[in-house]
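What follows is the content of target-v2.json, which has JSON, C-alpha atoms:
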[["chain", "number", "residue", "atom", "x", "y", "z"],
["A", 584, "MET", "CA", 0.00, 0.00, 0.00],
["A", 585, "GLY", "CA", 3.03, 2.29, 0.15],
["A", 586, "ALA", "CA", 2.50, 3.82, -3.29],
["A", 587, "LEU", "CA", -1.21, 4.42, -2.65],
["A", 588, "THR", "CA", -0.72, 5.93, 0.80],
["A", 589, "ASP", "CA", 2.05, 8.14, -0.59],
["A", 590, "LEU", "CA", -0.38, 9.51, -3.18],
["A", 591, "ILE", "CA", -3.06, 10.11, -0.56],
["A", 592, "TYR", "CA", -0.69, 11.88, 1.81],
["A", 593, "GLY", "CA", 0.80, 13.90, -1.02],
["A", 594, "GLY", "CA", -2.63, 15.28, -1.90],
["A", 595, "ALA", "CA", -3.73, 15.72, 1.71],
["A", 596, "ASN", "CA", -0.58, 17.62, 2.66],
["A", 597, "ALA", "CA", -0.94, 19.83, -0.41],
["A", 598, "VAL", "CA", -4.52, 20.70, 0.52],
["A", 599, "ALA", "CA", -3.53, 21.30, 4.17],
["A", 600, "GLY", "CA", -0.88, 23.79, 3.06],
["A", 601, "LEU", "CA", -3.34, 25.59, 0.82],
["A", 602, "VAL", "CA", -5.90, 25.76, 3.61],
["A", 603, "LYS", "CA", -3.50, 27.17, 6.21],
["A", 604, "ASN", "CA", -2.28, 29.85, 3.82],
["A", 605, "ALA", "CA", -5.82, 30.71, 2.70],
["A", 606, "VAL", "CA", -7.10, 31.07, 6.28],
["A", 607, "ASP", "CA", -4.10, 33.21, 7.29],
["A", 608, "GLU", "CA", -4.54, 35.46, 4.26],
["A", 609, "ALA", "CA", -8.29, 35.81, 4.84],
["A", 610, "ILE", "CA", -7.76, 36.79, 8.49],
["A", 611, "GLU", "CA", -5.09, 39.29, 7.52],
["A", 612, "LYS", "CA", -7.42, 40.83, 4.93],
["A", 613, "HIS", "CA", -10.76, 40.75, 6.77],
["A", 614, "GLY", "CA", -9.95, 40.29, 10.47],
["A", 615, "ASP", "CA", -10.70, 37.17, 12.47],
["A", 616, "ASP", "CA", -14.21, 38.37, 13.40],
["A", 617, "LYS", "CA", -15.35, 38.38, 9.76],
["A", 618, "ALA", "CA", -18.64, 36.49, 9.40],
["A", 619, "LEU", "CA", -18.45, 33.30, 7.37],
["A", 620, "SER", "CA", -21.17, 30.96, 6.11],
["A", 621, "PHE", "CA", -22.49, 28.93, 3.23],
["A", 622, "PRO", "CA", -25.78, 30.19, 1.77],
["A", 623, "ASP", "CA", -29.19, 28.86, 2.78],
["A", 624, "THR", "CA", -28.17, 26.32, 5.40],
["A", 625, "ALA", "CA", -28.71, 25.89, 9.13],
["A", 626, "TYR", "CA", -25.65, 23.63, 9.43],
["A", 627, "PHE", "CA", -22.77, 26.11, 9.31],
["A", 628, "PHE", "CA", -19.84, 24.27, 7.66],
["A", 629, "PRO", "CA", -21.68, 20.91, 7.57],
["A", 630, "THR", "CA", -18.66, 18.57, 7.47],
["A", 631, "ILE", "CA", -16.95, 20.28, 10.38],
["A", 632, "TYR", "CA", -20.21, 20.67, 12.30],
["A", 633, "ALA", "CA", -21.26, 17.03, 11.93],
["A", 634, "ALA", "CA", -17.78, 15.61, 12.68],
["A", 635, "THR", "CA", -16.75, 17.89, 15.56],
["A", 636, "GLY", "CA", -19.78, 19.89, 16.67],
["A", 637, "VAL", "CA", -17.95, 23.16, 15.93],
["A", 638, "LYS", "CA", -20.18, 25.91, 14.53],
["A", 639, "VAL", "CA", -18.04, 27.86, 12.07],
["A", 640, "GLN", "CA", -19.45, 31.40, 12.00],
["A", 641, "THR", "CA", -16.33, 33.59, 11.76],
["A", 642, "LEU", "CA", -12.83, 33.28, 10.40],
["A", 643, "ALA", "CA", -11.56, 32.84, 13.96],
["A", 644, "ASP", "CA", -13.56, 29.60, 14.21],
["A", 645, "LEU", "CA", -11.46, 28.12, 11.41],
["A", 646, "ILE", "CA", -8.17, 28.35, 13.31],
["A", 647, "PRO", "CA", -8.76, 25.26, 15.51],
["A", 648, "CYS", "CA", -10.29, 23.46, 12.51],
["A", 649, "VAL", "CA", -6.99, 23.80, 10.65],
["A", 650, "GLY", "CA", -5.29, 22.19, 13.65],
["A", 651, "VAL", "CA", -7.72, 19.26, 13.57],
["A", 652, "LEU", "CA", -7.17, 18.88, 9.84],
["A", 653, "GLU", "CA", -3.39, 18.74, 10.27],
["A", 654, "SER", "CA", -3.68, 16.24, 13.13],
["A", 655, "LEU", "CA", -5.50, 13.79, 10.86],
["A", 656, "ILE", "CA", -2.55, 13.63, 8.45],
["A", 657, "THR", "CA", -0.11, 11.27, 10.19],
["A", 658, "ASN", "CA", 1.85, 10.22, 7.07],
["A", 659, "ASN", "CA", 1.85, 6.65, 8.40],
["A", 660, "GLU", "CA", 1.64, 3.92, 5.76],
["A", 661, "ASP", "CA", -1.36, 2.31, 7.44],
["A", 662, "LEU", "CA", -4.36, 2.47, 5.06],
["A", 663, "GLY", "CA", -6.74, 3.41, 7.86],
["A", 664, "ASP", "CA", -4.56, 6.39, 8.77],
["A", 665, "ALA", "CA", -4.41, 7.33, 5.09],
["A", 666, "LEU", "CA", -8.22, 7.30, 4.90],
["A", 667, "ASN", "CA", -8.25, 9.72, 7.84],
["A", 668, "ALA", "CA", -6.03, 11.94, 5.72],
["A", 669, "GLY", "CA", -8.75, 11.66, 3.09],
["A", 670, "LEU", "CA", -11.25, 12.97, 5.63],
["A", 671, "ALA", "CA", -8.81, 15.80, 6.34],
["A", 672, "THR", "CA", -8.85, 16.57, 2.62],
["A", 673, "ALA", "CA", -12.65, 16.81, 2.75],
["A", 674, "VAL", "CA", -12.43, 19.23, 5.68],
["A", 675, "GLY", "CA", -9.83, 21.23, 3.75],
["A", 676, "ALA", "CA", -12.04, 21.35, 0.67],
["A", 677, "GLU", "CA", -14.93, 22.64, 2.79],
["A", 678, "ILE", "CA", -12.78, 25.40, 4.26],
["A", 679, "LEU", "CA", -11.45, 26.46, 0.85],
["A", 680, "GLU", "CA", -14.93, 26.49, -0.67],
["A", 681, "GLY", "CA", -16.32, 28.35, 2.34],
["A", 682, "LEU", "CA", -13.64, 31.02, 2.07],
["A", 683, "ALA", "CA", -14.66, 31.57, -1.55],
["A", 684, "TYR", "CA", -18.11, 32.66, -0.31],
["A", 685, "ILE", "CA", -16.80, 35.48, 1.91],
["A", 686, "ASP", "CA", -17.71, 38.39, -0.38],
["A", 687, "ALA", "CA", -20.05, 36.85, -2.95],
["A", 688, "ASN", "CA", -21.32, 33.63, -4.45],
["A", 689, "PRO", "CA", -18.36, 32.35, -6.52],
["A", 690, "TYR", "CA", -20.70, 30.15, -8.58],
["A", 691, "GLU", "CA", -23.10, 32.89, -9.60],
["A", 692, "ASN", "CA", -21.77, 33.02, -13.18],
["A", 693, "ALA", "CA", -20.14, 29.59, -13.24],
["A", 694, "PRO", "CA", -21.38, 26.42, -14.98],
["A", 695, "GLY", "CA", -21.75, 24.66, -11.61],
["A", 696, "ILE", "CA", -24.12, 25.47, -8.74],
["A", 697, "GLY", "CA", -21.67, 25.03, -5.86],
["A", 698, "PHE", "CA", -23.21, 24.67, -2.40],
["A", 699, "VAL", "CA", -26.59, 22.90, -2.39],
["A", 700, "PRO", "CA", -29.21, 24.56, -0.10],
["A", 701, "ASP", "CA", -30.93, 22.66, 2.69],
["A", 702, "SER", "CA", -34.29, 23.02, 0.93],
["A", 703, "ILE", "CA", -33.11, 20.91, -2.02],
["A", 704, "ILE", "CA", -31.80, 18.20, 0.30],
["A", 705, "ARG", "CA", -35.14, 18.07, 2.10],
["A", 706, "SER", "CA", -36.94, 17.77, -1.26],
["A", 707, "LEU", "CA", -34.73, 14.80, -2.18],
["A", 708, "GLY", "CA", -35.37, 13.00, 1.11],
["A", 709, "VAL", "CA", -38.59, 11.21, 0.16],
["A", 710, "PRO", "CA", -37.45, 9.87, -3.25],
["A", 711, "LEU", "CA", -34.21, 8.65, -1.70],
["A", 712, "VAL", "CA", -36.09, 6.84, 1.07],
["A", 713, "THR", "CA", -38.69, 5.34, -1.29],
["A", 714, "GLY", "CA", -36.07, 4.26, -3.82],
["A", 715, "ASP", "CA", -37.38, 6.53, -6.58],
["A", 716, "ILE", "CA", -33.79, 7.77, -6.50],
["A", 717, "PRO", "CA", -31.97, 4.45, -5.99],
["A", 718, "GLY", "CA", -28.48, 5.91, -5.68],
["A", 719, "VAL", "CA", -26.12, 8.84, -6.08],
["A", 720, "ALA", "CA", -23.31, 8.94, -8.65],
["A", 721, "VAL", "CA", -20.46, 11.43, -8.35],
["A", 722, "VAL", "CA", -18.66, 11.84, -11.68],
["A", 723, "ILE", "CA", -15.26, 13.54, -11.64],
["A", 724, "GLY", "CA", -12.47, 14.38, -14.08],
["A", 725, "LYS", "CA", -12.21, 14.47, -17.85],
["A", 726, "ALA", "CA", -13.09, 11.59, -20.15],
["A", 727, "GLU", "CA", -10.71, 10.69, -22.97],
["A", 728, "ASN", "CA", -13.78, 10.22, -25.17],
["A", 729, "PRO", "CA", -16.69, 12.55, -24.25],
["A", 730, "GLN", "CA", -19.15, 10.07, -25.74],
["A", 731, "ASP", "CA", -18.14, 7.54, -23.08],
["A", 732, "LEU", "CA", -18.95, 10.09, -20.41],
["A", 733, "ALA", "CA", -22.31, 10.90, -22.01],
["A", 734, "LYS", "CA", -23.24, 7.22, -22.25],
["A", 735, "VAL", "CA", -22.50, 6.61, -18.57],
["A", 736, "VAL", "CA", -24.37, 9.71, -17.35],
["A", 737, "LYS", "CA", -27.41, 9.05, -19.55],
["A", 738, "ASP", "CA", -27.52, 5.47, -18.28],
["A", 739, "TYR", "CA", -27.65, 6.79, -14.72],
["A", 740, "GLN", "CA", -30.47, 9.13, -15.77],
["A", 741, "VAL", "CA", -32.48, 6.26, -17.23],
["A", 742, "LYS", "CA", -31.94, 4.23, -14.06],
["A", 743, "GLY", "CA", -33.17, 7.15, -11.94],
["A", 744, "LEU", "CA", -29.92, 7.91, -10.13],
["A", 745, "LEU", "CA", -28.98, 11.39, -8.98],
["A", 746, "THR", "CA", -25.72, 12.35, -10.67],
["A", 747, "PHE", "CA", -23.31, 15.13, -9.70],
["A", 748, "LEU", "CA", -20.61, 16.35, -12.10],
["A", 749, "ILE", "CA", -17.28, 17.87, -11.06],
["A", 750, "GLY", "CA", -14.48, 18.98, -13.37],
["A", 751, "GLU", "CA", -14.26, 19.08, -17.15],
["A", 752, "VAL", "CA", -16.92, 16.37, -17.38],
["A", 753, "ILE", "CA", -19.35, 19.28, -17.02],
["A", 754, "ASP", "CA", -18.20, 20.77, -20.33],
["A", 755, "GLN", "CA", -18.12, 17.34, -21.97],
["A", 756, "ALA", "CA", -21.67, 16.61, -20.83],
["A", 757, "THR", "CA", -22.81, 19.94, -22.29],
["A", 758, "GLU", "CA", -21.03, 19.27, -25.59],
["A", 759, "THR", "CA", -22.59, 15.82, -25.95],
["A", 760, "GLY", "CA", -26.14, 16.96, -25.28],
["A", 761, "VAL", "CA", -26.64, 15.61, -21.75],
["A", 762, "LYS", "CA", -29.61, 17.43, -20.22],
["A", 763, "MET", "CA", -28.67, 18.89, -16.84],
["A", 764, "GLY", "CA", -30.53, 20.37, -13.90],
["A", 765, "LEU", "CA", -32.31, 19.11, -10.80],
["A", 766, "ASP", "CA", -35.34, 18.04, -12.87],
["A", 767, "TYR", "CA", -33.08, 15.82, -14.98],
["A", 768, "ARG", "CA", -31.19, 14.59, -11.90],
["A", 769, "VAL", "CA", -27.83, 15.61, -13.36],
["A", 770, "ILE", "CA", -26.31, 18.48, -11.40],
["A", 771, "PRO", "CA", -23.01, 20.23, -12.25],
["A", 772, "LEU", "CA", -21.27, 21.37, -9.05],
["A", 773, "GLY", "CA", -18.06, 23.07, -10.22],
["A", 774, "HIS", "CA", -14.82, 22.68, -12.11],
["A", 775, "GLY", "CA", -12.40, 22.59, -9.16],
["A", 776, "ILE", "CA", -11.84, 19.32, -7.31],
["A", 777, "THR", "CA", -12.76, 21.05, -4.03],
["A", 778, "ALA", "CA", -16.33, 21.33, -5.37],
["A", 779, "VAL", "CA", -16.69, 17.64, -4.49],
["A", 780, "ILE", "CA", -17.34, 18.75, -0.91],
["A", 781, "HIS", "CA", -20.74, 20.04, -2.01],
["A", 782, "VAL", "CA", -21.98, 16.52, -2.67],
["A", 783, "VAL", "CA", -20.29, 15.28, 0.53],
["A", 784, "THR", "CA", -22.24, 17.86, 2.54],
["A", 785, "ILE", "CA", -25.47, 16.58, 0.99],
["A", 786, "ALA", "CA", -24.77, 13.15, 2.50],
["A", 787, "ILE", "CA", -23.73, 14.71, 5.79],
["A", 788, "ARG", "CA", -26.78, 16.94, 6.08],
["A", 789, "ALA", "CA", -28.98, 13.96, 5.19],
["A", 790, "ALA", "CA", -27.52, 12.27, 8.28],
["A", 791, "LEU", "CA", -28.29, 15.34, 10.38],
["A", 792, "ILE", "CA", -31.77, 15.96, 8.93],
["A", 793, "PHE", "CA", -33.12, 12.45, 8.40],
["A", 794, "GLY", "CA", -30.82, 10.23, 10.46],
["A", 795, "GLY", "CA", -31.04, 11.95, 13.82],
["A", 796, "LEU", "CA", -27.25, 12.25, 13.94],
["A", 797, "GLN", "CA", -25.92, 14.43, 16.75],
["A", 798, "PRO", "CA", -23.19, 16.93, 15.80],
["A", 799, "GLY", "CA", -19.77, 15.73, 16.96],
["A", 800, "ASP", "CA", -20.56, 12.03, 16.50],
["A", 801, "LEU", "CA", -17.96, 11.15, 13.85],
["A", 802, "PRO", "CA", -18.34, 7.34, 14.22],
["A", 803, "GLY", "CA", -22.10, 7.72, 13.86],
["A", 804, "LEU", "CA", -21.64, 9.93, 10.80],
["A", 805, "LEU", "CA", -19.34, 7.41, 9.09],
["A", 806, "ALA", "CA", -21.74, 4.58, 9.89],
["A", 807, "TYR", "CA", -24.70, 6.51, 8.47],
["A", 808, "THR", "CA", -23.02, 7.46, 5.19],
["A", 809, "LYS", "CA", -21.70, 3.94, 4.70],
["A", 810, "GLU", "CA", -24.96, 2.16, 5.47],
["A", 811, "ARG", "CA", -27.64, 4.65, 4.47],
["A", 812, "VAL", "CA", -26.29, 6.80, 1.61],
["A", 813, "PRO", "CA", -26.02, 4.71, -1.60],
["A", 814, "ALA", "CA", -23.33, 6.80, -3.26],
["A", 815, "PHE", "CA", -20.22, 6.06, -5.31],
["A", 816, "VAL", "CA", -17.62, 7.96, -7.32],
["A", 817, "ASN", "CA", -16.65, 7.54, -10.99],
["A", 818, "VAL", "CA", -13.32, 9.10, -11.97],
["A", 819, "PHE", "CA", -12.62, 9.72, -15.66],
["A", 820, "GLY", "CA", -8.95, 10.13, -16.55],
["A", 821, "ALA", "CA", -5.86, 9.62, -14.42],
["A", 822, "PRO", "CA", -6.41, 11.25, -10.99],
["A", 823, "ASP", "CA", -3.75, 13.54, -9.54],
["A", 824, "GLN", "CA", -2.65, 13.46, -5.89],
["A", 825, "VAL", "CA", -5.38, 15.80, -4.67],
["A", 826, "ALA", "CA", -8.06, 13.78, -6.48],
["A", 827, "VAL", "CA", -6.64, 10.59, -4.93],
["A", 828, "ALA", "CA", -6.77, 12.18, -1.47],
["A", 829, "ALA", "CA", -10.35, 13.31, -2.10],
["A", 830, "GLY", "CA", -11.15, 9.77, -3.22],
["A", 831, "ALA", "CA", -9.73, 8.47, 0.05],
["A", 832, "GLY", "CA", -12.17, 10.73, 1.86],
["A", 833, "ALA", "CA", -15.03, 9.25, -0.19],
["A", 834, "ILE", "CA", -13.88, 5.73, 0.68],
["A", 835, "ALA", "CA", -13.73, 6.65, 4.39],
["A", 836, "LEU", "CA", -17.39, 7.72, 4.09],
["A", 837, "GLY", "CA", -18.23, 4.33, 2.57],
["A", 838, "PHE", "CA", -18.41, 5.41, -1.08],
["A", 839, "PRO", "CA", -16.43, 3.16, -3.47],
["A", 840, "VAL", "CA", -14.32, 4.87, -6.14],
["A", 841, "ILE", "CA", -14.28, 3.46, -9.69],
["A", 842, "VAL", "CA", -11.60, 4.75, -12.07],
["A", 843, "ASP", "CA", -11.22, 4.17, -15.81],
["A", 844, "VAL", "CA", -7.44, 3.71, -15.76],
["A", 845, "ASP", "CA", -5.60, 0.54, -14.74],
["A", 846, "LEU", "CA", -4.35, 1.05, -11.18],
["A", 847, "GLY", "CA", -2.81, -2.41, -10.98],
["A", 848, "ASP", "CA", -1.69, -3.21, -7.43],
["A", 849, "LEU", "CA", -3.02, 0.12, -6.12],
["A", 850, "GLN", "CA", -6.59, -1.22, -6.21],
["A", 851, "VAL", "CA", -8.42, -1.90, -2.95],
["A", 852, "PRO", "CA", -11.13, -4.57, -3.43],
["A", 853, "GLY", "CA", -14.58, -3.14, -2.92],
["A", 854, "ALA", "CA", -13.28, 0.38, -2.37],
["A", 855, "LEU", "CA", -10.91, 1.50, -5.14],
["A", 856, "VAL", "CA", -11.46, -0.38, -8.37],
["A", 857, "SER", "CA", -10.35, -0.05, -12.00],
["A", 858, "VAL", "CA", -12.99, -0.53, -14.70],
["A", 859, "THR", "CA", -11.39, 0.36, -18.02],
["A", 860, "ASP", "CA", -14.31, -0.71, -20.23],
["A", 861, "HIS", "CA", -16.94, 2.05, -20.05],
["A", 862, "ASN", "CA", -19.60, -0.44, -21.12],
["A", 863, "GLU", "CA", -19.16, -1.99, -17.68],
["A", 864, "THR", "CA", -18.82, 1.19, -15.61],
["A", 865, "VAL", "CA", -22.47, 1.55, -14.64],
["A", 866, "ALA", "CA", -23.11, -2.11, -13.80],
["A", 867, "ARG", "CA", -19.92, -2.43, -11.78],
["A", 868, "SER", "CA", -20.57, 0.82, -9.90],
["A", 869, "LEU", "CA", -24.07, -0.26, -8.91],
["A", 870, "GLU", "CA", -22.78, -3.67, -7.88],
["A", 871, "LEU", "CA", -20.07, -2.23, -5.64],
["A", 872, "ARG", "CA", -22.65, -0.12, -3.77],
["A", 873, "ASN", "CA", -25.30, -2.85, -3.86],
["A", 874, "ILE", "CA", -27.78, -0.58, -5.62],
["A", 875, "LYS", "CA", -30.80, -2.35, -7.05],
["A", 876, "VAL", "CA", -32.60, -0.61, -9.90],
["A", 877, "LYS", "CA", -36.30, -1.45, -10.14],
["A", 878, "ALA", "CA", -36.88, -0.10, -13.66],
["A", 879, "LYS", "CA", -36.69, -2.65, -16.45],
["A", 880, "ALA", "CA", -34.53, -1.92, -19.48],
["A", 881, "ILE", "CA", -36.51, -1.24, -22.67],
["A", 882, "ASN", "CA", -34.69, -1.09, -25.96],
["A", 883, "MET", "CA", -35.82, 2.22, -27.41],
["A", 884, "CYS", "CA", -34.17, 5.21, -29.03],
["A", 885, "ALA", "CA", -34.87, 7.78, -26.29],
["A", 886, "GLY", "CA", -34.05, 8.09, -22.65],
["A", 887, "TYR", "CA", -36.94, 7.36, -20.32],
["A", 888, "ALA", "CA", -37.23, 7.71, -16.55],
["A", 889, "SER", "CA", -38.87, 9.97, -14.01],
["A", 890, "ALA", "CA", -36.05, 12.44, -14.74],
["A", 891, "PHE", "CA", -37.64, 13.02, -18.16],
["A", 892, "GLU", "CA", -41.23, 13.35, -16.92],
["A", 893, "GLY", "CA", -43.15, 16.06, -18.77],
["A", 894, "GLU", "CA", -40.37, 16.65, -21.28],
["A", 895, "ILE", "CA", -41.35, 17.62, -24.82],
["A", 896, "ILE", "CA", -39.59, 15.66, -27.55],
["A", 897, "ARG", "CA", -38.49, 18.20, -30.14],
["A", 898, "LYS", "CA", -38.32, 17.40, -33.82],
["A", 899, "ALA", "CA", -34.54, 17.81, -33.90],
["A", 900, "ASP", "CA", -34.24, 15.08, -31.26],
["A", 901, "MET", "CA", -36.64, 12.69, -32.97],
["A", 902, "HIS", "CA", -35.24, 9.42, -34.33],
["A", 903, "ALA", "CA", -38.42, 8.09, -35.91],
["A", 904, "GLU", "CA", -41.77, 9.64, -36.74],
["A", 905, "PHE", "CA", -44.83, 7.42, -37.10],
["A", 906, "TYR", "CA", -47.52, 10.07, -37.51],
["A", 907, "SER", "CA", -47.87, 13.74, -38.38],
["A", 908, "ARG", "CA", -50.43, 16.08, -39.92],
["A", 909, "ASN", "CA", -48.38, 16.18, -43.13],
["A", 910, "ASN", "CA", -48.07, 12.40, -43.35],
["A", 911, "PRO", "CA", -51.03, 10.72, -41.59],
["A", 912, "THR", "CA", -50.09, 7.29, -42.93]]
Before we go any further, please render this structure as structure tokens.
Amino acid sequence: MGALTDLIYGGANAVAGLVKNAVDEAIEKHGDDKALSFPDTAYFFPTIYAATGVKVQTLADLIPCVGVLESLITNNEDLGDALNAGLATAVGAEILEGLAYIDANPYENAPGIGFVPDSIIRSLGVPLVTGDIPGVAVVIGKAENPQDLAKVVKDYQVKGLLTFLIGEVIDQATETGVKMGLDYRVIPLGHGITAVIHVVTIAIRAALIFGGLQPGDLPGLLAYTKERVPAFVNVFGAPDQVAVAAGAGAIALGFPVIVDVDLGDLQVPGALVSVTDHNETVARSLELRNIKVKAKAINMCAGYASAFEGEIIRKADMHAEFYSRNNPT
């Protein structure tokens, strides 16, 4: 595991350095009493709040959080310790994203939506519980062939999954005609890898809202996300150190990571898996998270699922036409 843990620690230490510098610079610029919050949430910085009970409301509140982050990065070769460094990376990503919201919404004119409000999470609660949304896919990176990315995402749509996009896959999905938005259950979060924290906080707030989790109960949080949140991560393209560290955080939360490059001996059965054939990506991802899809596959030329309910099929998208006013036969 030496090579894998080295990658995780390399990314985690890089993020920790960025976080410390960013917090110091923000305090120097704004003062440590500067108010700090994500928009439209009652859960402060949700990852930090759920794991430690700390309510981040000013820049001063981040100072001890940086210390906790650094303490989680032991640089020991033990895989469990390395996964803790992955959790530290998640905390670091939350701090960096939170700092970006100091003066304005950094995603206001961006292709991604960034932080997801509590109201949306509450609206997703019932379909997640009933199985109308059978799972959550997190798609990261940049596909070598955009059509492979489109095929995977559209398959998740048809199966009713909720899919979040992070990185250049957002642009590739747009280019290949993937319909995006909450109604279509494909949501672009942001281009930077730290935007992954916005899907992590959805799982964490679900634990706080629906699971009765008490803030500060880290073991309870990890148990809830592993057992109750049917999520997984697909990585397109070779991940860098920071992406590997972020992936370690996902694994610590119970979310398997499936990559499309051959990792060889770096694979961890059931947690970090290579699937190089994109025709197998969806099936293998669902299998690893034990997600059962109720909808039966129907061989037809258009996507169908509750995500497409009420959608008008435009003539430009039509593959076959069996009736029209001009040709009633």
Pick from A:Thr641, A:Thr672, A:Asn728, A:Thr624 nearest to Gly594 in chain A, counting all atoms listed in the file
A:Thr672
May I ask which of the residues A:Pro622, A:Phe819, A:Val741, A:Val825 is the closest one to Gly600 in chain A, counting all atoms listed in the file?
A:Val825
From A:Val752, A:Ala806, A:Ile834, A:Val827, residue lying nearest Ala595 in chain A [all atoms listed in the file]:
A:Val827
Option closest in space to Tyr626 in chain A, from A:Ala673, A:Leu666, A:Ala720, A:Val639 [counting all atoms listed in the file]
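Nearest candidate to Tyr626 in chain A out of A:Ala673, A:Leu666, A:Ala720, A:Val639: A:Val639.
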Straight-line distance linking CA of Ser868 in chain A with CA of Lys809 in chain A, stated in Å to one decimal
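It comes out at 15.0 Å.
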Which is closer to Leu732 in chain A than all the others in A:Gly764, A:Gly820, A:Gly718, A:Gly708, using all atoms listed in the file?
A:Gly820
So the first atom is CA of Ala643 in chain A and the second is CA of Ala618 in chain A; what is the distance between them in Å, to one decimal place?
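CA of Ala618 in chain A lies 9.2 Å from CA of Ala643 in chain A.
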